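Pasted below: protein21.csv, CSV, C-alpha atoms.
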```csv
chain,number,residue,atom,x,y,z
A,187,SER,CA,-23.2,-3.1,-1.6
A,188,TRP,CA,-20.5,-5.0,-3.5
A,189,ILE,CA,-20.2,-6.4,-7.0
A,190,GLU,CA,-17.3,-8.3,-8.5
A,191,VAL,CA,-16.3,-7.4,-12.1
A,192,ASN,CA,-13.1,-8.8,-13.7
A,193,ASN,CA,-12.0,-10.4,-10.5
A,194,LYS,CA,-12.1,-7.1,-8.6
A,195,ILE,CA,-14.6,-6.2,-5.9
A,196,HIS,CA,-16.3,-2.8,-6.3
A,197,GLU,CA,-18.0,-1.4,-3.2
A,198,PHE,CA,-20.8,1.2,-3.1
A,199,ALA,CA,-22.6,3.2,-0.4
A,200,ALA,CA,-25.8,5.2,-0.8
A,201,ARG,CA,-25.2,8.3,-2.9
A,202,ASP,CA,-21.6,7.2,-3.3
A,203,ARG,CA,-19.5,9.3,-5.7
A,204,SER,CA,-16.1,7.8,-4.9
A,205,HIS,CA,-15.8,5.3,-7.8
A,206,PRO,CA,-13.6,6.3,-10.7
A,207,GLN,CA,-16.6,5.7,-13.1
A,208,THR,CA,-19.1,7.7,-11.1
A,209,ARG,CA,-20.2,9.8,-14.0
A,210,GLU,CA,-20.9,6.8,-16.2
A,211,ILE,CA,-22.6,4.9,-13.3
A,212,TYR,CA,-24.9,7.8,-12.5
A,213,ALA,CA,-25.7,8.3,-16.2
A,214,GLU,CA,-26.7,4.7,-16.5
A,215,LEU,CA,-28.8,4.8,-13.3
A,216,GLU,CA,-30.6,7.9,-14.6
A,217,ARG,CA,-31.2,6.3,-17.9
A,218,LEU,CA,-32.7,3.2,-16.2
A,219,THR,CA,-34.8,5.4,-13.9
A,220,ARG,CA,-36.3,7.3,-16.9
A,221,LYS,CA,-37.0,4.0,-18.7
A,222,ILE,CA,-38.8,2.3,-15.8
A,223,LYS,CA,-40.9,5.5,-15.1
A,224,GLU,CA,-41.9,5.5,-18.7
A,225,LEU,CA,-43.1,1.9,-18.2
A,226,GLY,CA,-45.2,3.0,-15.2
A,227,TYR,CA,-42.9,2.7,-12.2
A,228,VAL,CA,-43.8,4.9,-9.3
A,229,PRO,CA,-41.4,5.1,-6.3
A,230,ASP,CA,-42.9,4.1,-2.9
A,231,THR,CA,-41.9,7.2,-0.9
A,232,LYS,CA,-44.2,6.7,2.2
A,233,LEU,CA,-41.4,5.3,4.3
A,234,ILE,CA,-39.0,8.2,3.6
A,235,LEU,CA,-39.0,10.3,6.8
A,236,HIS,CA,-37.0,13.2,5.5
A,237,ASP,CA,-38.9,16.5,5.4
A,238,VAL,CA,-38.5,17.1,1.6
A,239,GLU,CA,-40.8,17.4,-1.4
A,240,GLU,CA,-42.3,14.3,-2.9
A,241,GLU,CA,-40.1,14.5,-6.0
A,242,GLN,CA,-36.9,14.8,-3.8
A,243,LYS,CA,-38.0,11.6,-1.9
A,244,GLY,CA,-38.2,9.7,-5.2
A,245,HIS,CA,-34.8,11.0,-6.1
A,246,LEU,CA,-33.3,9.8,-2.8
A,247,LEU,CA,-34.5,6.3,-3.6
A,248,CYS,CA,-32.7,6.2,-6.9
A,249,PHE,CA,-29.2,6.2,-5.4
A,250,HIS,CA,-29.2,3.3,-3.0
A,251,SER,CA,-25.9,1.4,-2.9
A,252,GLU,CA,-27.4,-1.7,-4.6
A,253,LYS,CA,-28.8,0.4,-7.5
A,254,LEU,CA,-25.3,1.9,-8.0
A,255,ALA,CA,-23.8,-1.5,-8.0
A,256,ILE,CA,-26.3,-2.7,-10.6
A,257,ALA,CA,-25.7,0.3,-12.8
A,258,PHE,CA,-21.9,-0.3,-12.6
A,259,GLY,CA,-22.4,-4.0,-13.5
A,260,LEU,CA,-24.6,-3.1,-16.5
A,261,ILE,CA,-21.9,-0.8,-18.0
A,262,SER,CA,-19.1,-3.1,-17.1
A,263,VAL,CA,-20.1,-6.6,-18.4
A,264,PRO,CA,-21.5,-7.8,-21.7
A,265,GLY,CA,-25.3,-7.8,-22.1
A,266,GLY,CA,-27.0,-10.8,-20.7
A,267,THR,CA,-24.3,-11.5,-18.1
A,268,PRO,CA,-25.8,-12.3,-14.7
A,269,LEU,CA,-25.0,-9.7,-12.0
A,270,HIS,CA,-24.4,-10.8,-8.4
A,271,ILE,CA,-24.8,-8.0,-5.9
A,272,ILE,CA,-23.9,-8.5,-2.3
A,273,LYS,CA,-25.7,-6.3,0.3
A,274,ASN,CA,-24.5,-5.9,3.8
A,275,LEU,CA,-27.2,-4.8,6.2
A,276,ARG,CA,-26.1,-3.7,9.6
A,277,VAL,CA,-28.0,-2.9,12.7
A,278,CYS,CA,-26.5,-0.2,14.9
```

Structure rendered as structure tokens:
Amino acid sequence: SWIEVNNKIHEFAARDRSHPQTREIYAELERLTRKIKELGYVPDTKLILHDVEEEQKGHLLCFHSEKLAIAFGLISVPGGTPLHIIKNLRVC
């Protein structure tokens, strides 16, 4: 997934940790995840085919590339600024 901030394209992959602001991005994503769970969000894990515990499945869903791009956008632009995330889906 991609997001443009300050005329620069930032690219993310699932569970990506290559961005210079990885620590801040993951902290924001974890903050958002806690907040939406407090509001009643329950991750839909039935399509995750990995043989892991249910809690781990929910954790895997948290770090998709588009969520990383959103978290980066939220910490990088003023509040209320629209975020435009571009997702490239490929079929192998």

What lies within 12 Å of range 200-209 of chain A using all atoms listed in the file, ignoring chain neighbours under 6 positions off, as a list in words?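 Answer for this query is Ser187, Trp188, Leu215, Glu216, His245, Leu246, Leu247, Cys248, Phe249, His250, Ser251, Glu252, Lys253, Leu254, Ala255, Ala257, Phe258, Gly259, Ile261, Ser262 and Lys273 of chain A.
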
Selected residue of minimal separation from Ala213 in chain A among A:Ile272, A:Tyr227, A:Glu197, A:Leu260, counting only C-alpha atoms: A:Leu260

Enter the distance from CA of Val191 in chain A to CA of Leu218 in chain A, in Å, rounded to one decimal.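 Computing it gives 20.0 Å between the two atoms.
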
Quick one: pull the distance between CA of Leu275 in chain A and CA of Glu190 in chain A, Å, one decimal.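 Taking CA of Leu275 in chain A as the start and CA of Glu190 in chain A as the end point, the length is 18.1 Å.
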
Find the distance between CA of His270 in chain A and CA of Arg217 in chain A and write it in Å to one decimal.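 Taking CA of His270 in chain A and CA of Arg217 in chain A, their separation equals 20.7 Å.
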